[in-house]
Amino acid sequence: MFKPLLFAFFFYTFTVYSQNDYFFGGKKLNPAIPSPQQYLGYAIGDHQTRYDKLVAYMYELDRLSDRVSVSVIGETYEKRPHLVVMFSSPSNISQLPQIQQERTKLVNPSAPMPDISKMPVLVQLGANVHGNETSGGEAMILAAYYLAASEEEEVKKWLDHAVVFIEPVLNPDGRDRFVSWVNQNKGTPLVADPNDREHNEVWPGGRTNHYWFDLNRDWYLAVHVESQNRLKFYHQWLPNVVTDHHEMGTNATFFFEPSKENAENPLIPAYVYKTLNTKFAKYYENALNAIGSLYYTKESFDNLYPGYGSSYPDIQGGLGLLFEQASSRGYIQDSQHGPVTFAFTIRNQLVCALATCQAAVDERQNLLKFQRDFFASAVSDANKQPIKGYIVGDNQDANKLKKFAQFLLYHQIESYQLSDNLNTDGKTFEKGKALFVPTAQPQYRMVQSIFEKPTKFADSLFYDASAWNMPLAFGLTHAELKTLPAKNTRLTEDFLKTPTVAPVKSEYAYLLDFSDFMATKALYKLLEHNITTKVAMRAFKIGDKNYGHGSLMIPVQGQRLNATTLFETIKTIGQEAQVNFVGIPSGFSQSGIDLGSNNFQKVTKPEALIVTGQGVASYEAGEVWYWLDTHVGMPITKVDIATLPRLNLNRYNVIVMVSGQYDRSLASKIKQWVASGGTLITLKTATEWALKNDIAHETLRIRNISDSSKNIRVNYEDAAANEGAQNTGGTMFEADIDITHPIGFGYKNRKITLYRNGNTLLEPSKNPYSTVVQYSDKPWLTGYVHPQTLKKISGSAGVLVSPEGSGRTILFADNPNFRGVWYGTEKMFLNAIFFGANISTPTPLGAKEE
């Protein structure tokens with residue numbers, strides 16, 4: 001039961017001292033434990049703490065207190081340690097393995113129910129997933145000190161009945177980027193003007209991780225090392241309560257859940273939203289009332305997408321809680337409510353973190369019982385459904401299926417290898433090349449999240465994506481199962497380690513089917529070694545294998561390497577890329593082109609540049625950088641947009657421009673470079689810029705406002721909802737791809753799933769050979785789309801190629817690289833980089849040349 005008098009007394013101390021004098025006023029604290037100010041040399045809130053100093057302080061608490069245990073769960077891309085710090089009573093800390101063992105029984109519906117009256121509740125306090133939202137990270141330093149040093153009886157009770165995990169910074173690389181910025185630009189005296197340099201970071205800012213990704217969306221996708229570290233730790237414990245401390249615009253106040261009522265995940269039991277959220281909200285209400293802080297609830301944010309730090313726990317039988325604090329974005333900033341100080345923002349985050357500890361202990365047995373019931377009901381709910389499982393596979397692309405298998409393993413989802421060929425729903429799934437996932441398992445709700453295709457929603461406004469079907473994102477064949485195959489070999493990490501088959505040494509040529517996703521990595525390795533490599537512009541059959549458009553051929557003669565060195569190099573490249581080259585003794589094909597045909601064209605090594613900097617969409621730029629770094633091993637030069645006008649472009653044969661605000665003055669230089677033979681690749685609004693500036697000669701499709709809105713009065717308060725409903729914020733659509741075109745090389749199926757989260761629309765080209773990808777007439781697969789917007793999307797072009805002189809512009813209406821997980825469309829983008837120079841767009845006979 002909540003104790004308002006205790007909380008009023010506890011938090012009264014925050015109002016009678018300065019805002020960063022957090023732990024005084026008669027509180028009983030262990031003098032052997034140094035306060036953050038004593039250890040760091042400054043009061044929290046007076047200076048932004050570098051991550052290495054935060055880490056050092058946590059280790060100092062571990063050294064001095066038997067209530068504390070530091071755990072390094074991994075490291076970031078920039079080699080910073082990734083910490084989770086555990087706090088509990090000395091008795092609990094000494095018995096963490098036994099506590100973890102009991103937790104395993106609790107969340108396993110088939111195991112005997114443990115005695116929850118004796119079990120501690122698990123609370124995970126997490127902050128700073130966005131690197132420039134540092135108030136949460138600083139609050140975690142203070143929370144750590146208080147849990148380690150407090151001698152208050154109430155806090156001892158928390159530690160007796162809870163294990164508190166503090167992940168002080170979820171995004172260490174981004175945090176240090178931001179902290180360096182604000183500390184460098186801090187004035188003395190402090191400057192509150194929002195226009196000051198301190199409050200306006202340089203591009204790309206500190207929000208994102210090393211590759212400029214938003215890690216708050218990555219709990220579900222598990223693309224990045226920080227998320228992979230976190231998920232591994234998370235599933236070892238499955239905490240009952242997880243907090244997610246954020247910041248928002250300076251002119252806001254403070255948000256805590258409940259979120260929007262009509263934006264709740266229908267897979268989650270109503271008990272989470274109606275009962276637990278409501279109970280915990282009372283603690284936050286009283287805590288913030290006690291210090292006089294303004295706040296709001298219910299108006300914004302949603303719990304639909306399962307990949308936030310505040311929504312992923314909900315789908316694991318826990319309670320995820322979002323906090324959003326108006327940001328000082330530095331040390332002090334003017335707002336409509338008056339000056340917002342860094343110390344003030346930290347204080348609000350801190351009181352809610354500590355209120356969470358008290359609420360979790362008060363609700364301990366309810367939370368533990370609910371988690372047990374959550375996983376038990378998952379199995380029973382699944383057994384009531386006609387769909388007993390899902391099957392997913394790819395008969396051509398082993399590596400893409402491995403990537404999906406790894407995704408399932410990150411989320412502890414039970415799945416099995418297919419032991420015999422299976423025909424279902426008109427599709428053939430081959431033994432060893434498919435996995436099936438039963439629904440009757442504790443992770444049933446996560447399974448549904450991965451495979452479901454919702455098209456009906458209670459709301460038309462979304463904080464983020466409205467579709468997240470992963471087989472569609474991966475471009476994998478999949479189907480529902482009403483009867484499960486025999487459960488033979490359960491999926492384990494061993495499935496990811498399938499060895500490659502070394503080719504037979506050849507004195508003539510080597511071939512590589514380009515349908516495997518990692519074939520692009522192999523191609524770049526070949527070009528990096530200056531190995532002449534040719535790409536098949538037509539299909540052929542040689543030996544007992546059919547090779548499609550885009551297959552690679554490496555002749556033995558004419559290479560700089562002798563036959564033996566070439567063989568050893570190709571064998572090594574195959575192992576590194578996990579693809580299988582085939583040695584061929586003859587150039588004669590059973591059907592289609594022979595290996596000496598002019599329809600084998602030489603591939604040119606890409607020398608690529610991507611435009612970055614102020615005004616450029618950093619997420620999209622980061623996605624390009626990430627894919628090329630981690631999946632291809634290919635460097636790309638990142639050039640600031642301000643440098644571009646004076647840069648000599650002659651050393652580059654590929655330029656990538658993602659969404660952004662580009663000056664018209666760049667157009668003539670880029671157009672001249674394209675005409676001289678370059679390949680320009682544009683995404684979304686960069687595509688619009690290229691068309692409006694006559695770099696490419698195609699047509700934008702006009703997106704008109706619905707006729708039904710004309711001359712009709714609408715209440716002013718409904719304006720945002722009425723207009724926002726027509727945006728497509730994250731929806732999946734079906735399209736047709738020309739698999740004979742270089743952009744379509746390696747695809748075996750003409751049906752492709754496109755992810756749309758923008759408003760760029762393209763008319764199909766007047767040249768019948770230039771529309772590489774076109775949306776279907778009835779393209780909608782899953783997610784929200786306004787009916788009027790759907791009409792405009794239907795039949796529009798997804799990818800166009802526009803020739804200019806000796807070069808070409810490859811125009812994407814969408815982002816094929818979305819969040820580093822869209823294997824289904826990323827191959828198109830990589831093909832544009834590697835095969836753009838091989839595109840020759842014919843002019844139709846009788847067509848007028850411009």
# chains A, B, ... in the order shown; residues from 1 in each chain; ligands from 1
>>> residues_around(residues="Asn240 of chain A", least_positions_apart="4", cutoff="10 Å", atoms="only C-alpha atoms", output="ChimeraX atom specification")
/A:120-124,313-314,316-320,360,364,367-368,370-371
>>> write_last_selection(atoms="N, CA, C and O atoms", output="mmCIF file, in the first residue's frame")
data_model
loop_
_atom_site.group_PDB
_atom_site.id
_atom_site.type_symbol
_atom_site.label_atom_id
_atom_site.label_comp_id
_atom_site.auth_asym_id
_atom_site.auth_seq_id
_atom_site.Cartn_x
_atom_site.Cartn_y
_atom_site.Cartn_z
ATOM 1 N N PRO A 120 12.220 -12.259 -4.290
ATOM 2 C CA PRO A 120 12.328 -10.813 -4.496
ATOM 3 C C PRO A 120 11.733 -10.411 -5.844
ATOM 4 O O PRO A 120 11.767 -11.187 -6.809
ATOM 5 N N VAL A 121 11.195 -9.235 -5.913
ATOM 6 C CA VAL A 121 10.753 -8.668 -7.179
ATOM 7 C C VAL A 121 11.984 -8.095 -7.881
ATOM 8 O O VAL A 121 12.925 -7.632 -7.233
ATOM 9 N N LEU A 122 12.006 -8.149 -9.188
ATOM 10 C CA LEU A 122 13.148 -7.643 -9.957
ATOM 11 C C LEU A 122 12.759 -6.331 -10.642
ATOM 12 O O LEU A 122 11.777 -6.273 -11.393
ATOM 13 N N VAL A 123 13.520 -5.301 -10.375
ATOM 14 C CA VAL A 123 13.274 -3.971 -10.932
ATOM 15 C C VAL A 123 14.490 -3.560 -11.749
ATOM 16 O O VAL A 123 15.623 -3.641 -11.262
ATOM 17 N N GLN A 124 14.259 -3.151 -12.983
ATOM 18 C CA GLN A 124 15.361 -2.675 -13.826
ATOM 19 C C GLN A 124 15.131 -1.202 -14.147
ATOM 20 O O GLN A 124 14.143 -0.845 -14.784
ATOM 21 N N PRO A 313 9.174 -4.981 -22.274
ATOM 22 C CA PRO A 313 8.891 -5.711 -21.029
ATOM 23 C C PRO A 313 7.434 -6.160 -20.898
ATOM 24 O O PRO A 313 7.159 -7.194 -20.286
ATOM 25 N N ASP A 314 6.520 -5.379 -21.481
ATOM 26 C CA ASP A 314 5.104 -5.761 -21.418
ATOM 27 C C ASP A 314 4.848 -7.097 -22.091
ATOM 28 O O ASP A 314 3.945 -7.843 -21.693
ATOM 29 N N GLN A 316 6.903 -9.491 -22.156
ATOM 30 C CA GLN A 316 7.675 -10.517 -21.456
ATOM 31 C C GLN A 316 7.138 -10.724 -20.039
ATOM 32 O O GLN A 316 7.869 -11.174 -19.150
ATOM 33 N N GLY A 317 5.894 -10.362 -19.814
ATOM 34 C CA GLY A 317 5.284 -10.580 -18.511
ATOM 35 C C GLY A 317 5.682 -9.576 -17.460
ATOM 36 O O GLY A 317 5.427 -9.786 -16.274
ATOM 37 N N GLY A 318 6.307 -8.495 -17.873
ATOM 38 C CA GLY A 318 6.693 -7.448 -16.948
ATOM 39 C C GLY A 318 5.854 -6.206 -17.156
ATOM 40 O O GLY A 318 4.852 -6.203 -17.877
ATOM 41 N N LEU A 319 6.286 -5.133 -16.534
ATOM 42 C CA LEU A 319 5.643 -3.838 -16.672
ATOM 43 C C LEU A 319 6.682 -2.840 -17.146
ATOM 44 O O LEU A 319 7.639 -2.531 -16.430
ATOM 45 N N GLY A 320 6.521 -2.358 -18.371
ATOM 46 C CA GLY A 320 7.407 -1.335 -18.907
ATOM 47 C C GLY A 320 6.833 0.038 -18.631
ATOM 48 O O GLY A 320 5.631 0.263 -18.825
ATOM 49 N N ALA A 360 7.144 -1.219 -6.690
ATOM 50 C CA ALA A 360 7.405 -2.626 -7.036
ATOM 51 C C ALA A 360 7.433 -3.499 -5.790
ATOM 52 O O ALA A 360 6.921 -4.632 -5.799
ATOM 53 N N ARG A 364 4.833 -6.452 -4.965
ATOM 54 C CA ARG A 364 5.750 -7.556 -5.282
ATOM 55 C C ARG A 364 5.016 -8.842 -5.640
ATOM 56 O O ARG A 364 5.230 -9.417 -6.719
ATOM 57 N N LEU A 367 2.983 -8.679 -8.861
ATOM 58 C CA LEU A 367 3.832 -8.682 -10.053
ATOM 59 C C LEU A 367 4.374 -10.075 -10.350
ATOM 60 O O LEU A 367 4.400 -10.511 -11.516
ATOM 61 N N LEU A 368 4.801 -10.784 -9.341
ATOM 62 C CA LEU A 368 5.341 -12.131 -9.531
ATOM 63 C C LEU A 368 4.252 -13.090 -10.006
ATOM 64 O O LEU A 368 4.465 -13.894 -10.930
ATOM 65 N N PHE A 370 1.488 -12.277 -11.543
ATOM 66 C CA PHE A 370 1.082 -11.908 -12.903
ATOM 67 C C PHE A 370 2.051 -12.463 -13.936
ATOM 68 O O PHE A 370 1.643 -12.960 -14.990
ATOM 69 N N GLN A 371 3.339 -12.395 -13.649
ATOM 70 C CA GLN A 371 4.312 -12.876 -14.629
ATOM 71 C C GLN A 371 4.155 -14.382 -14.866
ATOM 72 O O GLN A 371 4.246 -14.845 -16.009
#
>>> residues_around(residues="Asn277 of chain A", least_positions_apart="4", cutoff="9 Å", atoms="only C-alpha atoms", output="ChimeraX atom specification")
/A:257-258,271-273,281-282,319-321
>>> write_last_selection(atoms="all heavy atoms", output="mmCIF file, in the first residue's frame")
data_model
loop_
_atom_site.group_PDB
_atom_site.id
_atom_site.type_symbol
_atom_site.label_atom_id
_atom_site.label_comp_id
_atom_site.auth_asym_id
_atom_site.auth_seq_id
_atom_site.Cartn_x
_atom_site.Cartn_y
_atom_site.Cartn_z
ATOM 1 N N GLU A 257 3.307 7.167 -17.559
ATOM 2 C CA GLU A 257 2.174 6.373 -18.040
ATOM 3 C C GLU A 257 1.046 6.370 -17.010
ATOM 4 O O GLU A 257 1.312 6.566 -15.819
ATOM 5 C CB GLU A 257 2.641 4.952 -18.340
ATOM 6 C CG GLU A 257 3.667 4.904 -19.461
ATOM 7 C CD GLU A 257 3.809 3.525 -20.088
ATOM 8 O OE1 GLU A 257 2.782 2.956 -20.498
ATOM 9 O OE2 GLU A 257 4.941 3.041 -20.163
ATOM 10 N N PRO A 258 -0.222 6.199 -17.471
ATOM 11 C CA PRO A 258 -0.657 5.561 -18.706
ATOM 12 C C PRO A 258 -0.500 6.431 -19.957
ATOM 13 O O PRO A 258 -0.580 7.647 -19.890
ATOM 14 C CB PRO A 258 -2.143 5.253 -18.444
ATOM 15 C CG PRO A 258 -2.555 6.245 -17.414
ATOM 16 C CD PRO A 258 -1.352 6.476 -16.565
ATOM 17 N N TYR A 271 -4.765 -6.196 -17.803
ATOM 18 C CA TYR A 271 -4.291 -6.005 -16.431
ATOM 19 C C TYR A 271 -3.076 -5.079 -16.380
ATOM 20 O O TYR A 271 -2.930 -4.289 -15.432
ATOM 21 C CB TYR A 271 -3.940 -7.371 -15.833
ATOM 22 C CG TYR A 271 -3.438 -7.336 -14.403
ATOM 23 C CD1 TYR A 271 -4.327 -7.210 -13.341
ATOM 24 C CD2 TYR A 271 -2.082 -7.444 -14.119
ATOM 25 C CE1 TYR A 271 -3.868 -7.187 -12.022
ATOM 26 C CE2 TYR A 271 -1.611 -7.420 -12.811
ATOM 27 C CZ TYR A 271 -2.507 -7.296 -11.767
ATOM 28 O OH TYR A 271 -2.056 -7.271 -10.469
ATOM 29 N N VAL A 272 -2.228 -5.148 -17.402
ATOM 30 C CA VAL A 272 -1.032 -4.307 -17.437
ATOM 31 C C VAL A 272 -1.425 -2.841 -17.512
ATOM 32 O O VAL A 272 -0.950 -1.995 -16.737
ATOM 33 C CB VAL A 272 -0.134 -4.692 -18.632
ATOM 34 C CG1 VAL A 272 1.002 -3.686 -18.810
ATOM 35 C CG2 VAL A 272 0.427 -6.087 -18.443
ATOM 36 N N TYR A 273 -2.314 -2.522 -18.467
ATOM 37 C CA TYR A 273 -2.665 -1.132 -18.710
ATOM 38 C C TYR A 273 -3.680 -0.588 -17.696
ATOM 39 O O TYR A 273 -3.582 0.555 -17.266
ATOM 40 C CB TYR A 273 -3.223 -0.976 -20.121
ATOM 41 C CG TYR A 273 -2.283 -1.451 -21.206
ATOM 42 C CD1 TYR A 273 -2.663 -2.422 -22.129
ATOM 43 C CD2 TYR A 273 -0.989 -0.928 -21.318
ATOM 44 C CE1 TYR A 273 -1.808 -2.857 -23.123
ATOM 45 C CE2 TYR A 273 -0.131 -1.358 -22.306
ATOM 46 C CZ TYR A 273 -0.533 -2.324 -23.220
ATOM 47 O OH TYR A 273 0.322 -2.752 -24.203
ATOM 48 N N ALA A 281 1.047 4.639 -11.346
ATOM 49 C CA ALA A 281 0.865 6.063 -11.620
ATOM 50 C C ALA A 281 0.595 6.854 -10.345
ATOM 51 O O ALA A 281 1.001 8.021 -10.225
ATOM 52 C CB ALA A 281 -0.268 6.261 -12.623
ATOM 53 N N LYS A 282 -0.076 6.232 -9.397
ATOM 54 C CA LYS A 282 -0.376 6.915 -8.139
ATOM 55 C C LYS A 282 0.906 7.272 -7.391
ATOM 56 O O LYS A 282 0.998 8.343 -6.762
ATOM 57 C CB LYS A 282 -1.276 6.026 -7.269
ATOM 58 C CG LYS A 282 -1.894 6.759 -6.091
ATOM 59 C CD LYS A 282 -2.871 7.831 -6.570
ATOM 60 C CE LYS A 282 -3.531 8.554 -5.409
ATOM 61 N NZ LYS A 282 -4.380 9.670 -5.868
ATOM 62 N N LEU A 319 6.286 -5.133 -16.534
ATOM 63 C CA LEU A 319 5.643 -3.838 -16.672
ATOM 64 C C LEU A 319 6.682 -2.840 -17.146
ATOM 65 O O LEU A 319 7.639 -2.531 -16.430
ATOM 66 C CB LEU A 319 5.053 -3.383 -15.326
ATOM 67 C CG LEU A 319 4.470 -1.970 -15.279
ATOM 68 C CD1 LEU A 319 3.273 -1.844 -16.214
ATOM 69 C CD2 LEU A 319 4.084 -1.592 -13.849
ATOM 70 N N GLY A 320 6.521 -2.358 -18.371
ATOM 71 C CA GLY A 320 7.407 -1.335 -18.907
ATOM 72 C C GLY A 320 6.833 0.038 -18.631
ATOM 73 O O GLY A 320 5.631 0.263 -18.825
ATOM 74 N N LEU A 321 7.665 0.969 -18.198
ATOM 75 C CA LEU A 321 7.198 2.289 -17.785
ATOM 76 C C LEU A 321 8.026 3.377 -18.451
ATOM 77 O O LEU A 321 9.259 3.403 -18.321
ATOM 78 C CB LEU A 321 7.288 2.425 -16.267
ATOM 79 C CG LEU A 321 6.360 1.499 -15.469
ATOM 80 C CD1 LEU A 321 6.814 1.420 -14.021
ATOM 81 C CD2 LEU A 321 4.918 1.971 -15.571
#
>>> residues_around(residues="segment 401-407 of chain A", least_positions_apart="3", cutoff="8 Å", atoms="only C-alpha atoms", output="PyMOL selection string")
chain A and resi 221-222+393-394+397-398+410-411+433-434+471+474+476+491+493+495-496
>>> residues_around(residues="Ile99 of chain A", least_positions_apart="4", cutoff="12 Å", atoms="only C-alpha atoms", output="PyMOL selection string")
chain A and resi 88+91-95+103-106+114-116+118-122+161-163+236-239
>>> write_last_selection(atoms="N, CA, C and O atoms", output="mmCIF file, in the first residue's frame")
data_model
loop_
_atom_site.group_PDB
_atom_site.id
_atom_site.type_symbol
_atom_site.label_atom_id
_atom_site.label_comp_id
_atom_site.auth_asym_id
_atom_site.auth_seq_id
_atom_site.Cartn_x
_atom_site.Cartn_y
_atom_site.Cartn_z
ATOM 1 N N SER A 88 20.948 -4.935 -3.945
ATOM 2 C CA SER A 88 20.025 -5.672 -3.098
ATOM 3 C C SER A 88 20.663 -5.815 -1.720
ATOM 4 O O SER A 88 21.762 -5.292 -1.461
ATOM 5 N N SER A 91 22.452 -10.329 1.731
ATOM 6 C CA SER A 91 22.018 -11.725 1.633
ATOM 7 C C SER A 91 21.600 -12.071 0.219
ATOM 8 O O SER A 91 21.972 -13.118 -0.324
ATOM 9 N N ASN A 92 20.803 -11.202 -0.395
ATOM 10 C CA ASN A 92 20.356 -11.456 -1.770
ATOM 11 C C ASN A 92 21.517 -11.423 -2.753
ATOM 12 O O ASN A 92 21.589 -12.243 -3.682
ATOM 13 N N ILE A 93 22.417 -10.461 -2.578
ATOM 14 C CA ILE A 93 23.566 -10.362 -3.476
ATOM 15 C C ILE A 93 24.397 -11.640 -3.437
ATOM 16 O O ILE A 93 24.890 -12.122 -4.472
ATOM 17 N N SER A 94 24.515 -12.232 -2.262
ATOM 18 C CA SER A 94 25.302 -13.470 -2.139
ATOM 19 C C SER A 94 24.582 -14.672 -2.727
ATOM 20 O O SER A 94 25.192 -15.726 -2.938
ATOM 21 N N GLN A 95 23.278 -14.536 -3.005
ATOM 22 C CA GLN A 95 22.489 -15.662 -3.497
ATOM 23 C C GLN A 95 21.907 -15.388 -4.884
ATOM 24 O O GLN A 95 20.876 -15.963 -5.259
ATOM 25 N N ARG A 103 13.796 -17.759 -10.554
ATOM 26 C CA ARG A 103 13.127 -16.980 -11.610
ATOM 27 C C ARG A 103 12.842 -17.853 -12.818
ATOM 28 O O ARG A 103 11.799 -17.735 -13.453
ATOM 29 N N THR A 104 13.785 -18.716 -13.159
ATOM 30 C CA THR A 104 13.599 -19.613 -14.300
ATOM 31 C C THR A 104 12.375 -20.495 -14.099
ATOM 32 O O THR A 104 11.614 -20.743 -15.042
ATOM 33 N N LYS A 105 12.165 -20.961 -12.883
ATOM 34 C CA LYS A 105 10.976 -21.775 -12.583
ATOM 35 C C LYS A 105 9.706 -20.944 -12.685
ATOM 36 O O LYS A 105 8.675 -21.413 -13.173
ATOM 37 N N LEU A 106 9.776 -19.699 -12.211
ATOM 38 C CA LEU A 106 8.585 -18.847 -12.195
ATOM 39 C C LEU A 106 8.041 -18.626 -13.598
ATOM 40 O O LEU A 106 6.821 -18.662 -13.812
ATOM 41 N N PRO A 114 7.021 -21.737 -7.821
ATOM 42 C CA PRO A 114 7.820 -21.486 -6.619
ATOM 43 C C PRO A 114 7.023 -20.662 -5.601
ATOM 44 O O PRO A 114 5.974 -20.111 -5.923
ATOM 45 N N ASP A 115 7.513 -20.579 -4.420
ATOM 46 C CA ASP A 115 6.864 -19.831 -3.356
ATOM 47 C C ASP A 115 7.177 -18.347 -3.536
ATOM 48 O O ASP A 115 8.252 -17.873 -3.167
ATOM 49 N N ILE A 116 6.217 -17.607 -4.105
ATOM 50 C CA ILE A 116 6.484 -16.206 -4.418
ATOM 51 C C ILE A 116 6.542 -15.341 -3.167
ATOM 52 O O ILE A 116 7.050 -14.218 -3.218
ATOM 53 N N LYS A 118 8.450 -15.691 -0.869
ATOM 54 C CA LYS A 118 9.859 -15.596 -0.490
ATOM 55 C C LYS A 118 10.744 -15.060 -1.617
ATOM 56 O O LYS A 118 11.957 -14.942 -1.440
ATOM 57 N N MET A 119 10.141 -14.748 -2.757
ATOM 58 C CA MET A 119 10.928 -14.318 -3.907
ATOM 59 C C MET A 119 11.033 -12.799 -3.960
ATOM 60 O O MET A 119 10.046 -12.096 -3.744
ATOM 61 N N PRO A 120 12.220 -12.259 -4.290
ATOM 62 C CA PRO A 120 12.328 -10.813 -4.496
ATOM 63 C C PRO A 120 11.733 -10.411 -5.844
ATOM 64 O O PRO A 120 11.767 -11.187 -6.809
ATOM 65 N N VAL A 121 11.195 -9.235 -5.913
ATOM 66 C CA VAL A 121 10.753 -8.668 -7.179
ATOM 67 C C VAL A 121 11.984 -8.095 -7.881
ATOM 68 O O VAL A 121 12.925 -7.632 -7.233
ATOM 69 N N LEU A 122 12.006 -8.149 -9.188
ATOM 70 C CA LEU A 122 13.148 -7.643 -9.957
ATOM 71 C C LEU A 122 12.759 -6.331 -10.642
ATOM 72 O O LEU A 122 11.777 -6.273 -11.393
ATOM 73 N N HIS A 161 13.488 -7.089 -0.300
ATOM 74 C CA HIS A 161 12.408 -7.674 -1.101
ATOM 75 C C HIS A 161 12.554 -7.425 -2.601
ATOM 76 O O HIS A 161 11.643 -7.768 -3.360
ATOM 77 N N ALA A 162 13.669 -6.866 -3.008
ATOM 78 C CA ALA A 162 13.867 -6.592 -4.434
ATOM 79 C C ALA A 162 15.334 -6.728 -4.803
ATOM 80 O O ALA A 162 16.227 -6.544 -3.964
ATOM 81 N N VAL A 163 15.570 -7.070 -6.053
ATOM 82 C CA VAL A 163 16.876 -6.897 -6.674
ATOM 83 C C VAL A 163 16.689 -5.812 -7.724
ATOM 84 O O VAL A 163 15.838 -5.945 -8.617
ATOM 85 N N GLN A 236 17.956 -13.561 -19.138
ATOM 86 C CA GLN A 236 18.467 -14.353 -18.023
ATOM 87 C C GLN A 236 17.690 -14.067 -16.737
ATOM 88 O O GLN A 236 17.708 -14.868 -15.807
ATOM 89 N N TRP A 237 16.993 -12.914 -16.706
ATOM 90 C CA TRP A 237 16.328 -12.500 -15.469
ATOM 91 C C TRP A 237 14.840 -12.213 -15.646
ATOM 92 O O TRP A 237 14.053 -12.439 -14.739
ATOM 93 N N LEU A 238 14.429 -11.661 -16.792
ATOM 94 C CA LEU A 238 13.051 -11.243 -17.036
ATOM 95 C C LEU A 238 12.507 -10.396 -15.875
ATOM 96 O O LEU A 238 11.647 -10.828 -15.097
ATOM 97 N N PRO A 239 12.993 -9.179 -15.734
ATOM 98 C CA PRO A 239 12.556 -8.307 -14.638
ATOM 99 C C PRO A 239 11.049 -8.070 -14.636
ATOM 100 O O PRO A 239 10.394 -8.103 -15.686
#
>>> select_by_dssp(residues="segment 34-64 of chain A", states="helix (DSSP H, G or I)", output="list in words")
Pro36, Gln37, Gln38, Tyr39, Leu40, Tyr51, Asp52, Lys53, Leu54, Val55, Ala56, Tyr57, Met58, Tyr59, Glu60, Leu61, Asp62, Arg63 and Leu64 of chain A
>>> residues_around(residues="segment 768-776 of chain A", least_positions_apart="4", cutoff="10 Å", atoms="only C-alpha atoms", output="ChimeraX atom specification")
/A:698,733-744,750-754,762-764,780,793-803,810-813,828,840-844
>>> residues_around(residues="Ser419 of chain A", least_positions_apart="2", cutoff="9 Å", atoms="only C-alpha atoms", output="number ranges by chain")
A: 416-417, 421, 430-432, 434, 485-489
